[in-house]
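Data file: protein-v4.txt. Format and content: compact mmCIF, C-alpha atoms and all ligand atoms.
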```
# COMPACT_ATOMS: atom_id res chain seq x y z
CA MET A 10 2.92 16.47 37.20
CA ASN A 11 2.45 16.29 33.45
CA LYS A 12 5.20 13.77 32.87
CA LEU A 13 3.87 11.16 30.47
CA ALA A 14 3.16 7.70 31.86
CA ILE A 15 5.33 6.15 29.15
CA ASN A 16 8.24 8.16 30.57
CA GLY A 17 7.49 7.10 34.15
CA GLY A 18 4.84 9.70 35.03
CA THR A 19 1.46 9.03 36.66
CA LYS A 20 -1.26 7.46 34.51
CA VAL A 21 -4.38 9.49 33.74
CA ARG A 22 -6.52 6.55 34.82
CA THR A 23 -5.78 3.49 36.94
CA LYS A 24 -9.30 2.03 36.87
CA LYS A 25 -10.10 -0.53 34.17
CA LEU A 26 -12.56 0.44 31.47
CA PRO A 27 -16.02 -1.09 32.05
CA LYS A 28 -16.83 -4.40 30.41
CA TYR A 29 -19.45 -4.74 27.80
CA ASN A 30 -22.66 -6.79 28.15
CA SER A 31 -25.76 -5.67 26.28
CA MET A 32 -27.91 -8.68 27.23
CA GLY A 33 -30.67 -7.74 29.68
CA GLU A 34 -33.76 -9.28 31.27
CA LYS A 35 -35.79 -8.79 28.08
CA GLU A 36 -33.40 -10.94 26.06
CA ILE A 37 -33.33 -13.58 28.81
CA ASP A 38 -37.16 -13.69 28.95
CA ALA A 39 -37.44 -13.91 25.17
CA VAL A 40 -34.98 -16.81 25.02
CA THR A 41 -36.67 -18.58 27.93
CA LYS A 42 -40.03 -18.48 26.13
CA VAL A 43 -38.54 -20.11 23.05
CA MET A 44 -36.77 -22.71 25.19
CA LYS A 45 -39.98 -23.63 26.99
CA ASN A 46 -41.78 -23.95 23.68
CA GLY A 47 -38.97 -26.25 22.49
CA VAL A 48 -39.08 -25.37 18.78
CA LEU A 49 -35.60 -23.90 18.47
CA SER A 50 -35.81 -23.69 14.68
CA LYS A 51 -38.70 -24.24 12.32
CA PHE A 52 -36.93 -24.04 8.96
CA ILE A 53 -37.39 -26.89 6.51
CA GLY A 54 -35.26 -27.17 3.37
CA ALA A 55 -38.17 -27.94 1.06
CA TRP A 56 -40.92 -25.92 -0.59
CA CYS A 57 -43.54 -25.66 2.22
CA ASP A 58 -44.75 -23.08 4.77
CA ASP A 59 -41.69 -23.65 6.94
CA PHE A 60 -39.29 -22.80 4.10
CA TYR A 61 -39.28 -19.22 5.48
CA GLY A 62 -38.56 -20.27 9.08
CA GLY A 63 -40.53 -19.97 12.31
CA GLU A 64 -42.51 -17.25 14.03
CA LYS A 65 -39.56 -15.43 15.65
CA VAL A 66 -37.43 -15.46 12.51
CA GLN A 67 -40.24 -13.97 10.46
CA GLU A 68 -41.11 -11.40 13.12
CA PHE A 69 -37.46 -10.32 13.40
CA GLU A 70 -37.16 -9.93 9.63
CA LYS A 71 -40.37 -7.89 9.49
CA LYS A 72 -39.22 -5.55 12.27
CA TRP A 73 -35.81 -5.16 10.64
CA SER A 74 -37.47 -4.19 7.36
CA GLN A 75 -39.54 -1.55 9.16
CA LYS A 76 -36.52 -0.09 10.97
CA PHE A 77 -34.38 0.06 7.82
CA ASP A 78 -37.07 1.11 5.32
CA ALA A 79 -36.53 -2.07 3.31
CA LYS A 80 -39.09 -4.09 1.35
CA HIS A 81 -37.43 -7.42 2.27
CA THR A 82 -35.08 -8.66 4.97
CA ILE A 83 -33.48 -12.10 4.81
CA SER A 84 -31.85 -13.23 8.06
CA VAL A 85 -28.69 -15.33 7.81
CA ASN A 86 -26.22 -16.80 10.28
CA SER A 87 -23.55 -14.11 9.69
CA ASN A 88 -22.75 -11.09 7.59
CA SER A 89 -20.19 -13.33 5.84
CA SER A 90 -22.96 -15.75 4.82
CA GLY A 91 -25.02 -12.75 3.72
CA ILE A 92 -22.31 -11.55 1.35
CA VAL A 93 -22.05 -15.03 -0.15
CA ALA A 94 -25.83 -15.25 -0.59
CA ALA A 95 -25.98 -11.75 -2.07
CA LEU A 96 -23.24 -12.41 -4.62
CA GLY A 97 -24.94 -15.67 -5.55
CA ALA A 98 -28.22 -13.83 -6.05
CA CYS A 99 -26.46 -11.40 -8.41
CA GLY A 100 -25.63 -14.40 -10.62
CA ILE A 101 -21.85 -14.07 -10.77
CA GLY A 102 -19.56 -16.87 -11.93
CA LEU A 103 -16.26 -17.82 -13.53
CA GLY A 104 -14.62 -14.92 -15.39
CA ASP A 105 -16.70 -12.24 -13.71
CA GLU A 106 -14.99 -9.48 -11.75
CA VAL A 107 -16.17 -7.97 -8.49
CA ILE A 108 -14.76 -4.69 -7.19
CA VAL A 109 -13.89 -4.97 -3.50
CA SER A 110 -12.30 -3.00 -0.67
CA PRO A 111 -8.83 -3.80 0.66
CA TYR A 112 -9.61 -2.41 4.12
CA SER A 113 -12.37 -4.52 5.62
CA MET A 114 -13.13 -7.88 7.15
CA SER A 115 -11.58 -10.34 4.64
CA ILE A 116 -14.89 -11.90 3.55
CA SER A 117 -16.06 -8.73 1.83
CA ALA A 118 -13.10 -9.13 -0.53
CA THR A 119 -12.83 -12.93 -0.80
CA ALA A 120 -16.51 -13.88 -1.20
CA PRO A 121 -16.35 -13.72 -5.06
CA PHE A 122 -14.08 -16.80 -4.96
CA VAL A 123 -17.03 -18.87 -3.68
CA TYR A 124 -18.56 -18.48 -7.16
CA ASN A 125 -15.17 -18.72 -8.95
CA ALA A 126 -15.26 -15.00 -9.73
CA THR A 127 -12.29 -12.64 -9.34
CA PRO A 128 -11.91 -9.87 -6.74
CA VAL A 129 -10.46 -6.56 -7.98
CA PHE A 130 -9.22 -4.15 -5.31
CA CYS A 131 -10.13 -0.47 -5.37
CA ASP A 132 -8.23 2.09 -3.30
CA LEU A 133 -10.04 4.23 -0.72
CA ASN A 134 -10.18 8.01 -0.44
CA THR A 135 -8.87 9.60 2.75
CA ASP A 136 -11.90 11.80 3.21
CA ASN A 137 -14.50 9.23 4.28
CA TYR A 138 -12.61 5.97 3.58
CA GLY A 139 -15.02 4.91 0.84
CA PHE A 140 -13.86 4.03 -2.69
CA ASP A 141 -11.66 6.48 -4.56
CA THR A 142 -14.15 6.97 -7.39
CA GLU A 143 -11.50 7.80 -10.01
CA HIS A 144 -9.71 4.53 -9.27
CA LEU A 145 -13.07 2.74 -9.26
CA LYS A 146 -13.89 3.95 -12.78
CA SER A 147 -10.50 2.82 -14.08
CA LEU A 148 -11.10 -0.75 -12.86
CA ILE A 149 -14.37 -1.33 -14.71
CA ASN A 150 -14.39 -3.42 -17.90
CA GLY A 151 -16.79 -5.74 -19.73
CA ASN A 152 -16.31 -8.48 -17.09
CA THR A 153 -17.21 -6.34 -14.08
CA ARG A 154 -20.52 -7.37 -12.51
CA VAL A 155 -20.71 -6.16 -8.90
CA ILE A 156 -19.28 -3.47 -6.63
CA ILE A 157 -19.11 -4.37 -2.93
CA VAL A 158 -19.13 -1.08 -1.04
CA VAL A 159 -18.05 -1.22 2.61
CA HIS A 160 -19.26 1.55 4.90
CA ILE A 161 -16.14 1.03 6.93
CA PHE A 162 -15.87 2.25 10.54
CA GLY A 163 -19.58 3.13 10.27
CA ILE A 164 -19.01 5.99 7.79
CA PRO A 165 -21.22 5.89 4.67
CA SER A 166 -19.38 5.90 1.34
CA ASP A 167 -20.08 8.41 -1.46
CA MET A 168 -23.16 6.55 -2.67
CA ASP A 169 -24.37 9.08 -5.28
CA GLU A 170 -21.11 8.82 -7.23
CA ILE A 171 -20.83 5.05 -6.81
CA LEU A 172 -24.46 4.40 -7.82
CA SER A 173 -24.15 6.59 -10.88
CA ILE A 174 -21.00 4.72 -12.00
CA ALA A 175 -22.80 1.41 -11.35
CA LYS A 176 -25.84 2.49 -13.32
CA GLU A 177 -23.78 3.59 -16.28
CA HIS A 178 -22.11 0.16 -16.47
CA ASN A 179 -25.11 -1.91 -15.38
CA LEU A 180 -23.48 -3.24 -12.20
CA TYR A 181 -25.01 -4.47 -8.98
CA VAL A 182 -24.05 -2.65 -5.78
CA ILE A 183 -23.85 -4.61 -2.53
CA GLU A 184 -23.42 -2.56 0.64
CA ASP A 185 -21.52 -4.18 3.50
CA CYS A 186 -23.23 -2.41 6.41
CA ALA A 187 -21.73 -4.58 9.17
CA GLN A 188 -20.26 -1.49 10.84
CA ALA A 189 -22.91 1.02 9.85
CA PRO A 190 -26.44 0.19 11.10
CA LEU A 191 -28.60 3.35 11.00
CA ALA A 192 -25.77 5.39 9.48
CA THR A 193 -27.21 7.82 6.96
CA TYR A 194 -26.10 9.27 3.66
CA LYS A 195 -28.00 12.42 2.69
CA ASP A 196 -30.58 11.51 5.36
CA LYS A 197 -31.17 8.02 3.94
CA LYS A 198 -30.21 4.90 5.87
CA VAL A 199 -27.53 2.74 4.32
CA GLY A 200 -28.55 -0.78 3.32
CA THR A 201 -31.13 -0.01 0.63
CA LEU A 202 -29.20 2.61 -1.32
CA GLY A 203 -27.60 -0.14 -3.41
CA ASP A 204 -29.25 -3.41 -4.49
CA ILE A 205 -28.56 -5.37 -1.31
CA GLY A 206 -27.36 -4.31 2.15
CA ILE A 207 -25.80 -6.72 4.63
CA PHE A 208 -25.59 -6.25 8.39
CA SER A 209 -23.77 -8.26 11.05
CA LEU A 210 -25.06 -9.45 14.40
CA ASN A 211 -21.83 -10.91 15.75
CA TYR A 212 -20.82 -10.22 19.33
CA HIS A 213 -18.65 -7.20 18.49
CA LYS A 214 -21.20 -5.25 16.51
CA HIS A 215 -23.58 -2.49 17.71
CA ILE A 216 -26.23 -5.08 18.61
CA HIS A 217 -25.77 -8.82 18.50
CA THR A 218 -27.32 -12.28 18.68
CA GLY A 219 -24.03 -14.09 19.28
CA GLU A 220 -23.68 -14.65 15.55
CA GLY A 221 -26.05 -13.54 12.80
CA GLY A 222 -26.59 -11.32 9.78
CA MET A 223 -29.42 -9.48 8.02
CA CYS A 224 -29.74 -8.82 4.28
CA THR A 225 -31.98 -5.99 3.12
CA THR A 226 -33.28 -5.37 -0.41
CA ASN A 227 -36.11 -3.71 -2.28
CA ASN A 228 -35.70 -6.13 -5.20
CA ASP A 229 -38.17 -9.08 -5.19
CA THR A 230 -36.03 -11.33 -7.40
CA LEU A 231 -32.85 -10.84 -5.38
CA ALA A 232 -34.81 -11.47 -2.16
CA THR A 233 -36.16 -14.78 -3.49
CA LYS A 234 -32.73 -15.92 -4.65
CA MET A 235 -31.17 -15.11 -1.28
CA GLN A 236 -33.94 -17.04 0.50
CA LEU A 237 -33.19 -20.01 -1.74
CA ILE A 238 -29.41 -19.85 -1.29
CA ARG A 239 -29.95 -19.60 2.48
CA ASN A 240 -32.01 -22.76 2.52
CA HIS A 241 -31.00 -25.63 0.21
CA ALA A 242 -32.02 -24.03 -3.09
CA GLU A 243 -31.43 -27.18 -5.16
CA SER A 244 -34.07 -29.14 -3.21
CA VAL A 245 -36.62 -26.35 -3.37
CA ILE A 246 -36.65 -24.80 -6.82
CA GLU A 247 -38.40 -27.61 -8.67
CA ASP A 248 -41.48 -27.63 -6.42
CA LYS A 249 -41.42 -23.85 -6.11
CA GLY A 250 -41.45 -23.57 -9.91
CA GLU A 251 -38.13 -21.73 -10.33
CA THR A 252 -36.38 -22.66 -13.57
CA ALA A 253 -33.22 -20.51 -13.62
CA LEU A 254 -30.40 -22.66 -12.27
CA THR A 255 -27.55 -20.16 -11.90
CA ASN A 256 -26.12 -20.33 -8.37
CA MET A 257 -29.05 -22.41 -7.15
CA LEU A 258 -26.70 -24.62 -5.19
CA GLY A 259 -27.94 -23.78 -1.71
CA PHE A 260 -26.42 -23.78 1.74
CA ASN A 261 -27.80 -23.81 5.24
CA LEU A 262 -27.33 -20.20 6.36
CA ARG A 263 -30.37 -20.14 8.66
CA ILE A 264 -30.63 -18.64 12.13
CA THR A 265 -32.50 -20.22 15.03
CA GLU A 266 -35.62 -19.00 16.81
CA LEU A 267 -33.38 -18.26 19.81
CA GLN A 268 -31.21 -15.83 17.87
CA ALA A 269 -34.28 -14.19 16.34
CA ALA A 270 -35.89 -13.76 19.77
CA ILE A 271 -32.72 -12.08 21.07
CA GLY A 272 -32.49 -9.97 17.91
CA ILE A 273 -36.03 -8.61 18.32
CA GLU A 274 -35.06 -7.24 21.75
CA GLN A 275 -31.64 -6.02 20.65
CA LEU A 276 -33.11 -4.13 17.71
CA LYS A 277 -35.09 -1.97 20.16
CA LYS A 278 -31.78 -0.78 21.64
CA LEU A 279 -30.02 0.04 18.39
CA GLU A 280 -31.08 3.64 17.93
CA ASP A 281 -30.02 4.69 21.45
CA GLU A 282 -26.66 2.98 21.03
CA VAL A 283 -25.99 4.80 17.76
CA LEU A 284 -27.04 8.16 19.25
CA LEU A 285 -24.75 7.61 22.23
CA ARG A 286 -21.83 6.85 19.93
CA GLN A 287 -22.52 9.94 17.87
CA LYS A 288 -22.50 12.06 21.03
CA TYR A 289 -19.24 10.55 22.30
CA ALA A 290 -17.59 10.84 18.88
CA LYS A 291 -18.31 14.58 18.91
CA MET A 292 -16.69 14.89 22.34
CA TYR A 293 -13.50 13.32 21.00
CA ASP A 294 -13.52 15.36 17.81
CA ASN A 295 -14.10 18.62 19.66
CA ALA A 296 -11.16 17.92 21.97
CA LEU A 297 -8.72 16.71 19.32
CA GLU A 298 -9.37 18.71 16.17
CA LYS A 299 -7.39 21.70 17.46
CA TYR A 300 -4.09 19.81 17.20
CA PRO A 301 -2.51 20.45 13.79
CA PHE A 302 -1.17 16.87 13.59
CA ILE A 303 -4.60 15.26 14.10
CA LYS A 304 -7.28 14.94 11.44
CA THR A 305 -10.82 14.05 12.51
CA ASN A 306 -13.45 12.75 10.06
CA ASN A 307 -15.17 14.80 7.41
CA LEU A 308 -18.80 13.74 7.75
CA GLN A 309 -20.34 16.15 5.28
CA ASN A 310 -23.66 14.79 3.93
CA ARG A 311 -23.55 11.77 6.20
CA GLN A 312 -23.87 10.48 9.75
CA SER A 313 -21.56 7.75 10.94
CA ALA A 314 -22.72 4.90 13.17
CA HIS A 315 -19.21 4.94 14.74
CA TYR A 316 -18.52 1.23 14.91
CA ILE A 317 -15.01 2.24 15.70
CA GLN A 318 -13.76 5.80 15.64
CA VAL A 319 -10.84 6.65 13.39
CA PHE A 320 -8.45 9.57 13.27
CA GLU A 321 -5.38 10.39 11.24
CA PHE A 322 -1.98 11.40 12.55
CA ASP A 323 0.49 13.54 10.59
CA GLU A 324 3.95 12.26 11.48
CA GLN A 325 5.65 15.15 9.67
CA ILE A 326 3.87 17.90 11.60
CA ALA A 327 4.05 16.05 14.91
CA GLY A 328 7.72 15.18 14.55
CA ILE A 329 7.15 11.68 15.96
CA SER A 330 5.70 8.50 14.54
CA ARG A 331 2.07 7.58 14.88
CA ASP A 332 3.08 4.39 16.62
CA THR A 333 5.03 6.27 19.30
CA PHE A 334 2.07 8.58 19.86
CA ILE A 335 -0.38 5.70 20.29
CA GLU A 336 1.92 3.80 22.66
CA ALA A 337 2.12 6.92 24.82
CA VAL A 338 -1.69 7.33 24.91
CA LYS A 339 -2.20 3.67 25.78
CA ALA A 340 0.30 3.97 28.62
CA GLU A 341 -2.03 6.53 30.26
CA LEU A 342 -4.97 4.07 30.44
CA GLU A 343 -5.99 0.61 31.61
CA PRO A 344 -7.57 -2.19 29.50
CA VAL A 345 -11.22 -3.23 29.49
CA GLU A 346 -12.25 -5.46 32.39
CA ASP A 347 -12.22 -9.19 31.44
CA ARG A 348 -10.47 -8.37 28.15
CA GLU A 349 -7.15 -7.44 29.67
CA ASN A 350 -5.26 -9.65 27.23
CA GLU A 351 -6.28 -7.29 24.41
CA GLY A 352 -4.54 -4.36 26.10
CA VAL A 353 -5.94 -0.83 25.86
CA PRO A 354 -8.15 -1.03 22.74
CA ILE A 355 -6.49 1.72 20.70
CA TYR A 356 -4.92 0.47 17.49
CA GLN A 357 -2.35 1.63 14.93
CA GLY A 358 -3.97 1.10 11.55
CA TYR A 359 -6.91 -1.27 11.02
CA VAL A 360 -6.34 -4.58 9.18
CA LYS A 361 -3.51 -5.52 6.83
CA PRO A 362 -4.59 -4.62 3.26
CA ILE A 363 -6.41 -7.79 2.22
CA TYR A 364 -4.54 -8.26 -1.09
CA LEU A 365 -1.36 -8.84 0.93
CA LEU A 366 -2.79 -12.03 2.45
CA PRO A 367 -1.25 -15.34 1.26
CA ILE A 368 -4.23 -16.41 -0.86
CA PHE A 369 -3.70 -13.36 -3.10
CA GLN A 370 0.09 -13.30 -2.92
CA GLN A 371 0.34 -17.02 -3.77
CA ARG A 372 -2.69 -16.82 -6.10
CA GLN A 373 -4.21 -19.94 -4.67
CA VAL A 374 -7.70 -20.58 -3.31
CA TYR A 375 -8.58 -24.03 -4.63
CA ASN A 376 -6.42 -27.06 -5.36
CA LYS A 377 -5.20 -25.50 -8.61
CA LYS A 378 -2.92 -22.48 -8.34
CA ASN A 379 -4.18 -19.45 -10.34
CA PHE A 380 -7.72 -20.83 -10.75
CA CYS A 381 -10.11 -17.81 -10.47
CA PHE A 382 -7.15 -15.43 -10.88
CA LYS A 383 -6.41 -13.42 -14.03
CA ASP A 384 -3.17 -12.32 -15.64
CA THR A 385 -4.60 -8.84 -16.02
CA ILE A 386 -5.21 -8.40 -12.30
CA THR A 387 -2.33 -8.10 -9.84
CA TYR A 388 -2.24 -7.97 -6.06
CA GLU A 389 1.17 -6.45 -5.58
CA GLU A 390 2.14 -4.11 -2.81
CA GLY A 391 1.40 -0.57 -4.01
CA ILE A 392 -1.87 -1.22 -5.88
CA CYS A 393 -3.81 0.77 -3.25
CA PRO A 394 -1.35 3.43 -2.02
CA ASN A 395 -3.86 5.38 0.10
CA VAL A 396 -4.79 2.32 2.12
CA GLU A 397 -1.16 1.33 2.60
CA LYS A 398 -0.31 4.80 3.88
CA LEU A 399 -3.33 4.85 6.18
CA HIS A 400 -2.42 1.47 7.53
CA HIS A 401 1.28 2.00 8.09
CA HIS A 402 1.52 5.68 8.94
CA THR A 403 -1.58 7.76 9.50
CA LEU A 404 -4.74 6.02 10.66
CA TRP A 405 -5.47 5.02 14.21
CA GLU A 406 -8.70 3.78 15.69
CA HIS A 407 -10.30 2.97 18.99
CA ASP A 408 -13.26 1.04 20.26
CA LEU A 409 -13.94 3.59 23.01
CA THR A 410 -16.93 5.44 21.62
CA ARG A 411 -19.50 2.84 22.71
CA GLY A 412 -21.77 1.94 25.59
CA PRO A 413 -21.47 1.13 28.46
CA LEU A 414 -18.71 3.74 28.67
CA THR A 415 -20.03 6.75 30.59
CA GLU A 416 -19.36 10.39 29.88
CA ASP A 417 -16.82 10.37 32.74
CA ASP A 418 -15.00 7.44 31.14
CA ILE A 419 -14.89 9.33 27.85
CA LYS A 420 -13.48 12.40 29.60
CA ASP A 421 -10.65 10.29 31.08
CA ILE A 422 -9.80 8.87 27.67
CA ILE A 423 -9.89 12.31 26.09
CA PHE A 424 -7.56 13.54 28.81
CA ALA A 425 -5.14 10.72 28.00
CA TYR A 426 -5.07 11.91 24.38
CA THR A 427 -4.76 15.62 25.18
CA LYS A 428 -2.08 15.02 27.83
CA VAL A 429 0.06 13.30 25.22
CA CYS A 430 -0.71 15.95 22.58
CA ASP A 431 0.18 18.80 24.95
CA ASN A 432 3.41 17.13 25.98
CA ILE A 433 4.41 15.70 22.64
CA ASN A 434 7.90 17.20 22.95
CA GLU A 435 8.60 14.67 25.69
CA LEU A 436 8.41 11.98 23.00
CA LYS A 437 10.99 13.57 20.69
CA LYS A 438 14.41 12.14 21.30
C1 LIG A 501 -17.87 -7.91 11.18
C2 LIG A 501 -17.73 -7.64 9.75
C3 LIG A 501 -17.98 -8.61 8.77
C4 LIG A 501 -18.26 -10.04 9.12
O1 LIG A 501 -19.40 -10.19 9.90
P1 LIG A 501 -19.77 -11.64 10.46
O2 LIG A 501 -21.19 -11.48 10.92
O3 LIG A 501 -18.84 -11.92 11.59
O4 LIG A 501 -19.62 -12.61 9.38
C5 LIG A 501 -17.90 -8.25 7.45
N1 LIG A 501 -17.59 -7.00 7.07
C6 LIG A 501 -17.30 -6.04 7.97
C7 LIG A 501 -16.98 -4.67 7.49
C8 LIG A 501 -17.35 -6.33 9.34
O5 LIG A 501 -17.07 -5.38 10.23
```
When written as structure tokens, how does the structure in this file appear?
Amino acid sequence: MNKLAINGGTKVRTKKLPKYNSMGEKEIDAVTKVMKNGVLSKFIGAWCDDFYGGEKVQEFEKKWSQKFDAKHTISVNSNSSGIVAALGACGIGLGDEVIVSPYSMSISATAPFVYNATPVFCDLNTDNYGFDTEHLKSLINGNTRVIIVVHIFGIPSDMDEILSIAKEHNLYVIEDCAQAPLATYKDKKVGTLGDIGIFSLNYHKHIHTGEGGMCTTNNDTLATKMQLIRNHAESVIEDKGETALTNMLGFNLRITELQAAIGIEQLKKLEDEVLLRQKYAKMYDNALEKYPFIKTNNLQNRQSAHYIQVFEFDEQIAGISRDTFIEAVKAELEPVEDRENEGVPIYQGYVKPIYLLPIFQQRQVYNKKNFCFKDTITYEEGICPNVEKLHHHTLWEHDLTRGPLTEDDIKDIIFAYTKVCDNINELKK
């Protein structure tokens, strides 16, 4: 009866997991109105009223500011574009160093290269997967300008410690909040704890507009610079009366009225989605924390937005490898409908530590090898041992803490985990 599916037993669940579609009638109506009106974007890349975009873009930004307690919000066409605009606004350039995370979407580590600056990788702690603050301090020197904090998996980093280090050394702090909308640190929402916060609205995130990003800040100067970088700065600054030229080479990072109209509706759903994830995450933690080989998250002083839920597996105590354990859990379940090719969405590790990617290993971004790199900064295997151990041996994550999964779905998935935990001896050969 309890024989594990991986050993030929019966699966816990033979029904596929429900597919995900958060677009409803409200979004469809909002888009239809914009379509009928015909003005799909109102931005103009010159100093005039339309420099700030159309009605929907401005309304979306205003509502985002209210929701996130921010003075300014600048919409952009992705979180990636937002990080580029934010770093530009901070005024970085050749020779400057930016402290980045090795365990994130690659852009939050590679964006400094856009301004010919140098990324420096900081290891993470295994408590909340934010920066290891001792390692962080050891990386700072006279060239350091910015720290890019990533609230990875939706868990806020230790912002008090990081902000106090930043203050002492006069550094900007950018928060990559792509995975952490409405997550809180000491009851304050992430995104305005540092100088600039950046959110993502791509299809996979809590709420989405297809593609998109939102930058929040309480700093007037940084807001203006990001608006300029978003929209052809070089053609605007003369008429606008801006005289500082640093990083005033602009891009087109604008969103359309259609995306903004969808975003206004999606934003109304965000809080419920986060609350649902927090409830489901507790169900998993309550069921799994009793196993001595499983470590759930320590969320003291903070609330995660649970973009994905992570756990750690102790191979020594369990007597089997993490990878064997995860394969056995996956064998008990079925994939998500219409995304069958991705298999059951439970994953060993997260992403390969970013410094191991070819651009760092070969030290080449532009046409000249080593340009933007420094002899003093290496990217060898071993520079962030915690992240390497998490990735190869301990951490696993799943995308099964979200809507539209129902409580019954969650119970099935929990049963798949506990069945394998209770019968772990079957996996020891
Ligand atoms: C998704 C994500 C990004 C990139 O967001 P885009 O909007 O796709 O550019 C950056 N950082 C993290 C941590 C992410 O999860």
Exercise. Which protein, DNA or RNA residues have an atom within 8 Å of ligand LIG 501 (chain A), counting only C-alpha atoms and all ligand atoms, as a PyMOL selection string?
Worked result: chain A and resi 86-91+113-117+159-162+185-188+208-211+213-214+220-222
Problem set entry | Test item: residues at most 7 Å from Thr225 of chain A, all atoms listed in the file, excluding those fewer than 3 positions along its chain, as a ChimeraX atom specification | /A:79,81-83,200-201,205-207
For this session: Extract, using all atoms listed in the file, all DNA, RNA and protein residues at most 12 Å from Glu34 of chain A, discarding same-chain residues fewer than 5 positions from it, and format them as a list in words.
Result: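 Returned residues: Ala39, Val40, Thr41, Ile271, Glu274 and Gln275 of chain A.
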Would you output that residue set with C-alpha atoms, as a PDB file, in the frame of the given file?
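This is the output file result30.pdb:
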```
ATOM      1  CA  ALA A  39     -37.440 -13.910  25.170  1.00  0.00           C
ATOM      2  CA  VAL A  40     -34.980 -16.810  25.020  1.00  0.00           C
ATOM      3  CA  THR A  41     -36.670 -18.580  27.930  1.00  0.00           C
ATOM      4  CA  ILE A 271     -32.720 -12.080  21.070  1.00  0.00           C
ATOM      5  CA  GLU A 274     -35.060  -7.240  21.750  1.00  0.00           C
ATOM      6  CA  GLN A 275     -31.640  -6.020  20.650  1.00  0.00           C
TER       7      GLN A 275
END
```
Problem set entry | Point-to-point distance from atom CA of Glu266 of chain A to atom CA of Thr218 of chain A, Å rounded to tenths |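 Computed distance, atom CA of Glu266 of chain A to atom CA of Thr218 of chain A, equals 10.8 Å.
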Exercise. So, counting all atoms listed in the file, which residue among A:Trp73, A:Phe130, A:Tyr356, A:Phe260 is closest to Gly54 of chain A?
Worked result: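 Checking each of A:Trp73, A:Phe130, A:Tyr356, A:Phe260 against Gly54 of chain A, counting all atoms listed in the file, the winner is A:Phe260.
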Exercise. Which polymer residues have any atom within 12 Å of an atom of segment 150-154 of chain A, counting all atoms listed in the file, with same-chain residues fewer than 2 positions away left out, as a VMD selection string?
Worked result: chain A and resid 96 to 109 121 126 to 129 145 to 148 156 to 157 174 to 183 383 385 to 386
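Compared by their closest atoms to Val374 of chain A, and using all atoms listed in the file, the residues A:Ala290, A:Leu285, A:Val429, A:Ala120 rank with A:Ala120 nearest.
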Problem set entry | Residues within 8 Å of (-4.2, 1.8, 2.2), file coords, all atoms listed in the file, listed as a ChimeraX atom specification | /A:111-112,132-133,362,393-400
Exercise. Restricting the calculation to all atoms listed in the file, which member of A:Cys381, A:Leu49, A:Ile171, A:Val360 is positioned closest to Leu404 of chain A?
Worked result: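 Looking at the shortest contact to Leu404 of chain A, the residue is A:Val360.
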Problem set entry | Among the residues A:Thr226, A:Leu366, A:Thr403, A:Ile216, the one that comes closest to Glu390 of chain A [using all atoms listed in the file] | A:Leu366
Problem set entry | Coordinates-based distance that separates atom CA of Ala95 of chain A from atom CA of Ile238 of chain A (Å, one decimal) |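 According to the coordinates, atom CA of Ile238 of chain A and atom CA of Ala95 of chain A are separated by 8.8 Å.
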Counting all atoms listed in the file, which residues in segment 414-434 of chain A sit no more than 10 Å from segment 295-319 of chain A? For each one, give the nearest pair of atoms and the distance in Å, sorted by chain then residue number, as a tab-separated table.
```
residue	atom	partner	partner_atom	distance
A:Lys420	CA	A:Ala296	CA	9.7
A:Ile423	CA	A:Ala296	CA	7.1
A:Phe424	CA	A:Ala296	CA	8.9
A:Tyr426	CA	A:Leu297	CA	7.9
A:Thr427	CA	A:Leu297	CA	7.2
A:Cys430	CA	A:Tyr300	CA	7.4
A:Asp431	CA	A:Tyr300	CA	8.9
```
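Nearest to Glu346 of chain A of all the residues A:Glu389, A:Asn30, A:Lys20, A:Ile329 is A:Asn30, counting all atoms listed in the file.
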Neighbour list for segment 335-339 of chain A as a PDB file with C-alpha atoms, in the frame of the given file, cut-off 8 Å, only C-alpha atoms, skip fewer than 2 positions in-chain:
```
ATOM      1  CA  LEU A  13       3.870  11.160  30.470  1.00  0.00           C
ATOM      2  CA  ALA A  14       3.160   7.700  31.860  1.00  0.00           C
ATOM      3  CA  ILE A  15       5.330   6.150  29.150  1.00  0.00           C
ATOM      4  CA  ARG A 331       2.070   7.580  14.880  1.00  0.00           C
ATOM      5  CA  ASP A 332       3.080   4.390  16.620  1.00  0.00           C
ATOM      6  CA  THR A 333       5.030   6.270  19.300  1.00  0.00           C
ATOM      7  CA  GLU A 341      -2.030   6.530  30.260  1.00  0.00           C
ATOM      8  CA  LEU A 342      -4.970   4.070  30.440  1.00  0.00           C
ATOM      9  CA  GLU A 343      -5.990   0.610  31.610  1.00  0.00           C
ATOM     10  CA  VAL A 353      -5.940  -0.830  25.860  1.00  0.00           C
ATOM     11  CA  ILE A 355      -6.490   1.720  20.700  1.00  0.00           C
ATOM     12  CA  TYR A 356      -4.920   0.470  17.490  1.00  0.00           C
ATOM     13  CA  GLN A 357      -2.350   1.630  14.930  1.00  0.00           C
ATOM     14  CA  TRP A 405      -5.470   5.020  14.210  1.00  0.00           C
ATOM     15  CA  ALA A 425      -5.140  10.720  28.000  1.00  0.00           C
ATOM     16  CA  TYR A 426      -5.070  11.910  24.380  1.00  0.00           C
ATOM     17  CA  VAL A 429       0.060  13.300  25.220  1.00  0.00           C
TER      18      VAL A 429
END
```
For this session: Return the single residue from A:Ile392, A:Thr19, A:Asp384, A:Phe60 that is closest to His144 of chain A, with distances computed using only C-alpha atoms.
Result: A:Ile392
